[in-house]
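One file, protein.pdb, is given below (PDB, C-alpha atoms, pLDDT in the B column).
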```
MODEL        1
ATOM      1  CA  MET A 397      74.890 131.720 115.866  1.00 95.00           C
ATOM      2  CA  ASN A 398      76.905 129.742 113.331  1.00 97.00           C
ATOM      3  CA  PHE A 399      78.099 126.190 113.989  1.00 98.00           C
ATOM      4  CA  PHE A 400      80.343 124.040 111.802  1.00 98.00           C
ATOM      5  CA  THR A 401      80.777 120.287 111.475  1.00 98.00           C
ATOM      6  CA  ALA A 402      81.661 117.587 108.946  1.00 98.00           C
ATOM      7  CA  ASP A 403      81.920 113.843 108.383  1.00 98.00           C
ATOM      8  CA  LEU A 404      79.195 112.692 110.753  1.00 98.00           C
ATOM      9  CA  HIS A 405      78.541 109.524 108.687  1.00 98.00           C
ATOM     10  CA  PHE A 406      75.230 108.808 110.405  1.00 98.00           C
ATOM     11  CA  GLY A 407      74.273 105.148 110.147  1.00 97.00           C
ATOM     12  CA  HIS A 408      77.702 104.039 108.875  1.00 98.00           C
ATOM     13  CA  ALA A 409      78.898 101.194 111.082  1.00 97.00           C
ATOM     14  CA  ASN A 410      82.282 100.789 109.387  1.00 97.00           C
ATOM     15  CA  ILE A 411      83.311 104.372 110.136  1.00 98.00           C
ATOM     16  CA  ILE A 412      83.665 103.320 113.784  1.00 98.00           C
ATOM     17  CA  LYS A 413      86.448 100.961 112.755  1.00 97.00           C
ATOM     18  CA  TYR A 414      87.968 103.172 110.058  1.00 97.00           C
ATOM     19  CA  CYS A 415      88.335 106.169 112.383  1.00 98.00           C
ATOM     20  CA  GLN A 416      88.631 104.347 115.725  1.00 97.00           C
ATOM     21  CA  ARG A 417      85.490 106.070 117.012  1.00 98.00           C
ATOM     22  CA  PRO A 418      84.810 105.256 120.693  1.00 98.00           C
ATOM     23  CA  PHE A 419      81.442 103.579 120.123  1.00 98.00           C
ATOM     24  CA  THR A 420      80.405  99.944 120.439  1.00 97.00           C
ATOM     25  CA  SER A 421      77.631 100.172 117.834  1.00 98.00           C
ATOM     26  CA  VAL A 422      76.268 102.433 115.098  1.00 98.00           C
ATOM     27  CA  GLU A 423      73.211 103.059 117.283  1.00 98.00           C
ATOM     28  CA  GLU A 424      75.391 104.377 120.108  1.00 98.00           C
ATOM     29  CA  MET A 425      77.320 106.545 117.668  1.00 98.00           C
ATOM     30  CA  ASP A 426      74.152 108.028 116.164  1.00 98.00           C
ATOM     31  CA  ARG A 427      72.627 108.722 119.605  1.00 98.00           C
ATOM     32  CA  THR A 428      75.810 110.435 120.774  1.00 98.00           C
ATOM     33  CA  LEU A 429      76.170 112.581 117.659  1.00 98.00           C
ATOM     34  CA  ILE A 430      72.537 113.697 117.938  1.00 98.00           C
ATOM     35  CA  ALA A 431      72.786 114.397 121.681  1.00 98.00           C
ATOM     36  CA  ASN A 432      76.037 116.342 121.301  1.00 98.00           C
ATOM     37  CA  TRP A 433      74.578 118.408 118.459  1.00 98.00           C
ATOM     38  CA  ASN A 434      71.372 119.261 120.333  1.00 98.00           C
ATOM     39  CA  ALA A 435      73.243 120.105 123.543  1.00 98.00           C
ATOM     40  CA  LYS A 436      74.910 123.024 121.712  1.00 98.00           C
ATOM     41  CA  VAL A 437      72.644 124.060 118.843  1.00 98.00           C
ATOM     42  CA  GLY A 438      69.392 125.975 119.274  1.00 97.00           C
ATOM     43  CA  ALA A 439      66.421 126.337 116.940  1.00 97.00           C
ATOM     44  CA  ASP A 440      67.608 129.731 115.657  1.00 97.00           C
ATOM     45  CA  ASP A 441      71.196 128.645 114.994  1.00 98.00           C
ATOM     46  CA  ASP A 442      72.709 127.827 111.604  1.00 98.00           C
ATOM     47  CA  VAL A 443      74.723 124.629 111.261  1.00 98.00           C
ATOM     48  CA  TRP A 444      77.043 124.319 108.291  1.00 98.00           C
ATOM     49  CA  ILE A 445      77.610 120.624 107.541  1.00 98.00           C
ATOM     50  CA  LEU A 446      80.764 120.364 105.449  1.00 98.00           C
ATOM     51  CA  GLY A 447      79.915 117.086 103.811  1.00 97.00           C
ATOM     52  CA  ASP A 448      79.386 113.398 104.472  1.00 98.00           C
ATOM     53  CA  PHE A 449      76.292 113.697 106.629  1.00 98.00           C
ATOM     54  CA  THR A 450      75.170 110.162 105.818  1.00 97.00           C
ATOM     55  CA  MET A 451      75.501 107.455 103.192  1.00 96.00           C
ATOM     56  CA  ARG A 452      71.946 106.290 103.878  1.00 94.00           C
ATOM     57  CA  SER A 453      68.828 106.786 101.729  1.00 93.00           C
ATOM     58  CA  ALA A 454      66.867 110.023 101.419  1.00 93.00           C
ATOM     59  CA  GLU A 455      64.213 108.814 103.875  1.00 93.00           C
ATOM     60  CA  GLN A 456      66.806 107.704 106.417  1.00 95.00           C
ATOM     61  CA  ALA A 457      68.637 111.033 106.043  1.00 95.00           C
ATOM     62  CA  LYS A 458      65.403 112.879 106.777  1.00 95.00           C
ATOM     63  CA  GLY A 459      64.978 110.758 109.902  1.00 96.00           C
ATOM     64  CA  TYR A 460      68.324 112.033 111.191  1.00 97.00           C
ATOM     65  CA  LEU A 461      67.715 115.633 110.113  1.00 97.00           C
ATOM     66  CA  ARG A 462      64.373 115.750 111.958  1.00 96.00           C
ATOM     67  CA  GLN A 463      66.174 114.969 115.213  1.00 97.00           C
ATOM     68  CA  LEU A 464      68.727 117.780 114.887  1.00 98.00           C
ATOM     69  CA  ALA A 465      68.185 121.367 116.036  1.00 98.00           C
ATOM     70  CA  GLY A 466      68.839 124.476 113.971  1.00 98.00           C
ATOM     71  CA  ARG A 467      68.806 125.438 110.322  1.00 98.00           C
ATOM     72  CA  LYS A 468      70.940 122.909 108.485  1.00 98.00           C
ATOM     73  CA  HIS A 469      73.057 123.864 105.458  1.00 98.00           C
ATOM     74  CA  LEU A 470      74.842 121.104 103.537  1.00 97.00           C
ATOM     75  CA  ILE A 471      78.112 121.634 101.702  1.00 98.00           C
ATOM     76  CA  LEU A 472      78.179 118.500  99.571  1.00 97.00           C
ATOM     77  CA  GLY A 473      80.694 115.770 100.337  1.00 96.00           C
ATOM     78  CA  ASN A 474      81.511 112.651  98.386  1.00 96.00           C
ATOM     79  CA  HIS A 475      78.982 110.536 100.322  1.00 95.00           C
ATOM     80  CA  ASP A 476      75.915 112.820 100.296  1.00 95.00           C
ATOM     81  CA  ASN A 477      73.982 111.108  97.507  1.00 94.00           C
ATOM     82  CA  PHE A 478      70.744 111.463  99.487  1.00 94.00           C
ATOM     83  CA  ALA A 479      70.779 115.229  98.826  1.00 92.00           C
ATOM     84  CA  ALA A 480      70.501 114.760  95.051  1.00 88.00           C
ATOM     85  CA  ASN A 481      66.926 113.649  95.759  1.00 81.00           C
ATOM     86  CA  ALA A 482      64.538 116.576  96.374  1.00 80.00           C
ATOM     87  CA  ASN A 483      62.878 114.507  99.088  1.00 80.00           C
ATOM     88  CA  GLY A 484      66.214 113.946 100.824  1.00 78.00           C
ATOM     89  CA  ALA A 485      67.115 117.631 100.707  1.00 84.00           C
ATOM     90  CA  ALA A 486      63.688 118.788 101.888  1.00 88.00           C
ATOM     91  CA  LEU A 487      64.788 119.460 105.487  1.00 93.00           C
ATOM     92  CA  LEU A 488      67.957 121.299 104.496  1.00 96.00           C
ATOM     93  CA  THR A 489      68.049 125.084 104.213  1.00 96.00           C
ATOM     94  CA  GLU A 490      70.439 124.834 101.284  1.00 96.00           C
ATOM     95  CA  VAL A 491      72.592 122.309  99.454  1.00 96.00           C
ATOM     96  CA  VAL A 492      75.694 123.660  97.684  1.00 97.00           C
ATOM     97  CA  PRO A 493      79.107 122.274  96.692  1.00 97.00           C
ATOM     98  CA  TYR A 494      80.989 125.285  98.076  1.00 97.00           C
ATOM     99  CA  LYS A 495      80.173 128.382 100.123  1.00 98.00           C
ATOM    100  CA  GLU A 496      81.768 131.716 100.935  1.00 98.00           C
ATOM    101  CA  LEU A 497      80.279 132.918 104.198  1.00 97.00           C
ATOM    102  CA  LYS A 498      80.678 136.173 106.106  1.00 96.00           C
ATOM    103  CA  LEU A 499      81.008 135.236 109.766  1.00 95.00           C
ATOM    104  CA  GLU A 500      79.316 137.096 112.586  1.00 91.00           C
ATOM    105  CA  HIS A 501      82.783 138.297 113.620  1.00 85.00           C
ATOM    106  CA  GLY A 502      83.074 139.930 110.184  1.00 88.00           C
ATOM    107  CA  GLN A 503      85.584 137.621 108.571  1.00 90.00           C
ATOM    108  CA  GLN A 504      85.110 135.643 105.396  1.00 96.00           C
ATOM    109  CA  ALA A 505      85.172 131.851 105.579  1.00 97.00           C
ATOM    110  CA  VAL A 506      85.405 129.464 102.656  1.00 98.00           C
ATOM    111  CA  LEU A 507      83.481 126.253 103.317  1.00 98.00           C
ATOM    112  CA  CYS A 508      84.272 123.113 101.351  1.00 98.00           C
ATOM    113  CA  HIS A 509      84.221 119.398 102.076  1.00 98.00           C
ATOM    114  CA  TYR A 510      87.768 119.095 100.785  1.00 98.00           C
ATOM    115  CA  PRO A 511      90.797 120.951 102.182  1.00 98.00           C
ATOM    116  CA  MET A 512      92.408 123.479  99.863  1.00 96.00           C
ATOM    117  CA  LEU A 513      95.904 124.870  99.807  1.00 93.00           C
ATOM    118  CA  PHE A 514      94.809 128.223  98.337  1.00 93.00           C
ATOM    119  CA  TRP A 515      91.297 129.697  98.302  1.00 96.00           C
ATOM    120  CA  ASN A 516      89.565 132.950  97.461  1.00 95.00           C
ATOM    121  CA  ASN A 517      90.946 135.832  99.561  1.00 93.00           C
ATOM    122  CA  SER A 518      93.299 133.521 101.468  1.00 91.00           C
ATOM    123  CA  ARG A 519      95.968 136.207 101.259  1.00 86.00           C
ATOM    124  CA  HIS A 520      93.558 138.700 102.799  1.00 88.00           C
ATOM    125  CA  GLY A 521      92.552 136.769 105.917  1.00 89.00           C
ATOM    126  CA  ALA A 522      89.756 134.523 104.629  1.00 94.00           C
ATOM    127  CA  LEU A 523      89.545 131.237 106.539  1.00 96.00           C
ATOM    128  CA  MET A 524      89.237 127.741 105.095  1.00 97.00           C
ATOM    129  CA  LEU A 525      87.005 125.225 106.913  1.00 98.00           C
ATOM    130  CA  TYR A 526      86.929 121.645 105.649  1.00 98.00           C
ATOM    131  CA  GLY A 527      86.366 117.983 106.471  1.00 98.00           C
ATOM    132  CA  HIS A 528      86.879 114.804 104.398  1.00 98.00           C
ATOM    133  CA  ILE A 529      90.170 113.628 105.927  1.00 98.00           C
ATOM    134  CA  HIS A 530      88.692 112.633 109.315  1.00 97.00           C
ATOM    135  CA  ASN A 531      91.478 111.933 111.829  1.00 96.00           C
ATOM    136  CA  GLY A 532      93.929 110.428 109.328  1.00 96.00           C
ATOM    137  CA  ALA A 533      97.414 111.038 110.709  1.00 95.00           C
ATOM    138  CA  TYR A 534      99.203 111.695 107.422  1.00 94.00           C
ATOM    139  CA  SER A 535      96.494 113.877 105.879  1.00 95.00           C
ATOM    140  CA  ASN A 536      96.155 115.990 109.012  1.00 94.00           C
ATOM    141  CA  ALA A 537      99.921 116.332 109.336  1.00 93.00           C
ATOM    142  CA  VAL A 538      99.892 117.921 105.878  1.00 93.00           C
ATOM    143  CA  THR A 539      96.852 120.169 106.373  1.00 95.00           C
ATOM    144  CA  ASP A 540      98.152 121.230 109.797  1.00 93.00           C
ATOM    145  CA  LEU A 541     100.783 123.167 107.819  1.00 91.00           C
ATOM    146  CA  ILE A 542      98.144 125.327 106.111  1.00 95.00           C
ATOM    147  CA  TYR A 543      97.702 128.774 107.618  1.00 94.00           C
ATOM    148  CA  ASN A 544      94.108 129.865 108.417  1.00 95.00           C
ATOM    149  CA  ALA A 545      92.688 126.402 107.698  1.00 97.00           C
ATOM    150  CA  LEU A 546      90.820 124.135 110.119  1.00 98.00           C
ATOM    151  CA  ASN A 547      89.409 120.602 110.004  1.00 98.00           C
ATOM    152  CA  VAL A 548      85.910 120.764 111.552  1.00 98.00           C
ATOM    153  CA  GLY A 549      85.174 117.043 111.143  1.00 98.00           C
ATOM    154  CA  VAL A 550      83.650 115.321 114.163  1.00 98.00           C
ATOM    155  CA  ASP A 551      86.612 112.955 114.512  1.00 98.00           C
ATOM    156  CA  CYS A 552      88.823 115.955 115.344  1.00 97.00           C
ATOM    157  CA  CYS A 553      86.254 117.967 117.325  1.00 98.00           C
ATOM    158  CA  GLY A 554      84.904 115.769 120.116  1.00 98.00           C
ATOM    159  CA  TYR A 555      82.009 114.439 117.989  1.00 98.00           C
ATOM    160  CA  GLU A 556      80.157 117.749 118.192  1.00 98.00           C
ATOM    161  CA  PRO A 557      79.697 120.889 116.086  1.00 98.00           C
ATOM    162  CA  LEU A 558      82.003 123.830 116.754  1.00 98.00           C
ATOM    163  CA  SER A 559      80.573 127.283 117.350  1.00 98.00           C
ATOM    164  CA  GLU A 560      81.994 130.186 115.376  1.00 97.00           C
ATOM    165  CA  HIS A 561      83.802 131.316 118.519  1.00 96.00           C
ATOM    166  CA  GLU A 562      85.319 127.849 118.984  1.00 97.00           C
ATOM    167  CA  VAL A 563      86.417 127.804 115.338  1.00 97.00           C
ATOM    168  CA  LEU A 564      88.132 131.176 115.641  1.00 96.00           C
ATOM    169  CA  THR A 565      89.760 130.228 118.941  1.00 95.00           C
ATOM    170  CA  ARG A 566      91.098 126.973 117.472  1.00 97.00           C
ATOM    171  CA  MET A 567      92.211 128.797 114.343  1.00 95.00           C
ATOM    172  CA  ALA A 568      94.156 131.352 116.397  1.00 93.00           C
ATOM    173  CA  ALA A 569      95.854 128.564 118.375  1.00 94.00           C
ATOM    174  CA  HIS A 570      96.635 126.660 115.167  1.00 94.00           C
ATOM    175  CA  ASN A 571      98.146 129.714 113.513  1.00 91.00           C
ATOM    176  CA  ALA A 572     100.148 130.638 116.616  1.00 89.00           C
ATOM    177  CA  GLN A 573     101.979 127.299 116.695  1.00 88.00           C
ATOM    178  CA  LEU A 574     102.864 127.348 112.984  1.00 86.00           C
ATOM    179  CA  ARG A 575     106.532 128.035 112.307  1.00 80.00           C
ATOM    180  CA  PHE A 576     106.137 127.195 108.629  1.00 80.00           C
ATOM    181  CA  SER A 577     103.106 127.170 106.372  1.00 86.00           C
ATOM    182  CA  LEU A 578     102.524 125.633 102.961  1.00 86.00           C
ATOM    183  CA  ASN A 579     100.535 128.711 101.951  1.00 87.00           C
ATOM    184  CA  ASP A 580     103.003 131.253 103.309  1.00 68.00           C
ATOM    185  CA  GLY A 581     101.863 134.818 102.818  1.00 60.00           C
ATOM    186  CA  ALA A 582      98.304 134.386 104.110  1.00 58.00           C
ATOM    187  CA  ALA A 583      97.261 137.228 106.373  1.00 60.00           C
ATOM    188  CA  PRO A 584      96.892 136.519 110.114  1.00 63.00           C
ATOM    189  CA  LEU A 585      93.638 136.846 112.024  1.00 67.00           C
ATOM    190  CA  PRO A 586      92.938 140.572 112.493  1.00 71.00           C
ATOM    191  CA  GLN A 587      93.970 142.037 115.849  1.00 74.00           C
ATOM    192  CA  ALA A 588      90.357 143.050 116.600  1.00 77.00           C
ATOM    193  CA  THR A 589      89.198 139.439 116.183  1.00 74.00           C
ATOM    194  CA  LEU A 590      92.020 138.169 118.431  1.00 72.00           C
ATOM    195  CA  GLU A 591      91.088 140.685 121.123  1.00 78.00           C
ATOM    196  CA  ARG A 592      87.436 139.611 120.997  1.00 76.00           C
ATOM    197  CA  LEU A 593      88.455 135.962 121.304  1.00 73.00           C
ATOM    198  CA  ARG A 594      90.654 136.687 124.311  1.00 74.00           C
ATOM    199  CA  ALA A 595      87.743 138.546 125.896  1.00 79.00           C
ATOM    200  CA  GLY A 596      85.448 135.577 125.268  1.00 73.00           C
ATOM    201  CA  ILE A 597      83.083 137.573 123.059  1.00 64.00           C
TER     202      ILE A 597
ENDMDL
END
```
With the file now loaded, output its structure as structure tokens.
Amino acid sequence: MNFFTADLHFGHANIIKYCQRPFTSVEEMDRTLIANWNAKVGADDDVWILGDFTMRSAEQAKGYLRQLAGRKHLILGNHDNFAANANGAALLTEVVPYKELKLEHGQQAVLCHYPMLFWNNSRHGALMLYGHIHNGAYSNAVTDLIYNALNVGVDCCGYEPLSEHEVLTRMAAHNAQLRFSLNDGAAPLPQATLERLRAGI
């Protein structure tokens, strides 16, 4: 199963203040992020981290990665310097700046740390998953007007990864409430995918 997340910022005490995270210490934040991840993700699952895993060193990054279940794929963010070191990237299945992924439901998803207004095949139903903007009110107010795009950062997703099913369900709800989109003309989720979501498949 595929899972998606972004902007964990392991070991970054100031992110608690910047994003009003409900933790009293960086240790509590790290424990909660790890526990939430492992409560959902199994050893045979793939987790797509859309950037900003940690600002810590390569060795410290490996310490976090060892505690997390699943195969971990990193889409580079602006704070993932640890992954430039072969030692830091050793526990990652892949490290890329951008990814086009065929979902288990059959749709294409474009994965990038940064939100885009237009992306490959956006007019043909491809989804855009991103992070970077955390829970910033202004930035999210803008990206909330983009059809078929979803912020999967932990600050917007209960501090846990989202399963593919959760992503598609949230995407359908997002698209349904849009009366205007900045990227007007993008194709809606296919009817077959909507029916599967309604059936809980």
With 9 Å as the cut-off and all atoms listed in the file counted, what is the closest atom pair between each nearby residue of range 472-586 of chain A and range 422-436 of chain A? Distances in Å to one decimal, ordered by chain and number, as CSV.
```
residue,atom,partner,partner_atom,distance
A:Val550,CA,A:Leu429,CA,8.7
A:Gly554,CA,A:Asn432,CA,9.0
A:Tyr555,CA,A:Leu429,CA,6.1
A:Glu556,CA,A:Asn432,CA,5.3
A:Pro557,CA,A:Trp433,CA,6.2
A:Leu558,CA,A:Lys436,CA,8.7
A:Ser559,CA,A:Lys436,CA,8.3
```
query = Smallest atom-to-atom distance to Cys552 in chain A: which of A:Ala485, A:Ala569, A:Tyr526, A:Cys508, using all atoms listed in the file?
reply =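 Looking at the shortest contact to Cys552 in chain A, the residue is A:Tyr526.
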message = Taking only C-alpha atoms into account, name the residue in A:Asn398, A:Thr565, A:Ser518, A:Asn579 that is nearest to Leu541 in chain A.
response = A:Asn579
Could you name the residues that touch Lys468 in chain A at 7 Å or less, counting only C-alpha atoms, but leaving out those on the same chain fewer than 5 positions away, as a short mmCIF file (atom, residue, chain, number, x, y, z; two decimals) with C-alpha atoms, in the coordinates of the input?
```
data_model
loop_
_atom_site.label_atom_id
_atom_site.label_comp_id
_atom_site.auth_asym_id
_atom_site.auth_seq_id
_atom_site.Cartn_x
_atom_site.Cartn_y
_atom_site.Cartn_z
CA ASP A 442 72.71 127.83 111.60
CA VAL A 443 74.72 124.63 111.26
CA TRP A 444 77.04 124.32 108.29
CA LEU A 488 67.96 121.30 104.50
CA THR A 489 68.05 125.08 104.21
#
```
task = Would you kindly return, as a ChimeraX atom specification, each protein, DNA or RNA residue with an atom no farther than 9 Å from any atom of range 450-464 of chain A, considering all atoms listed in the file and excluding same-chain residues fewer than 3 positions away?
result = /A:403-408,426,430-431,433-434,437,447,467-468,475-488
request  = Work out how far CA of Gln504 in chain A is from CA of Val492 in chain A, in Å to one decimal.
outcome  =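 Value for the CA of Val492 in chain A-CA of Gln504 in chain A distance: 17.1 Å.
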Selection in question (the file shown): the PyMOL selection byres ((chain A and resi 591-596) around 8). Which residues does it include, as a PDB file with C-alpha atoms, keeping the file's coordinate frame?
```pdb
ATOM      1  CA  HIS A 561      83.802 131.316 118.519  1.00 96.00           C
ATOM      2  CA  LEU A 564      88.132 131.176 115.641  1.00 96.00           C
ATOM      3  CA  THR A 565      89.760 130.228 118.941  1.00 95.00           C
ATOM      4  CA  GLN A 587      93.970 142.037 115.849  1.00 74.00           C
ATOM      5  CA  ALA A 588      90.357 143.050 116.600  1.00 77.00           C
ATOM      6  CA  THR A 589      89.198 139.439 116.183  1.00 74.00           C
ATOM      7  CA  LEU A 590      92.020 138.169 118.431  1.00 72.00           C
ATOM      8  CA  ILE A 597      83.083 137.573 123.059  1.00 64.00           C
TER       9      ILE A 597
END
```
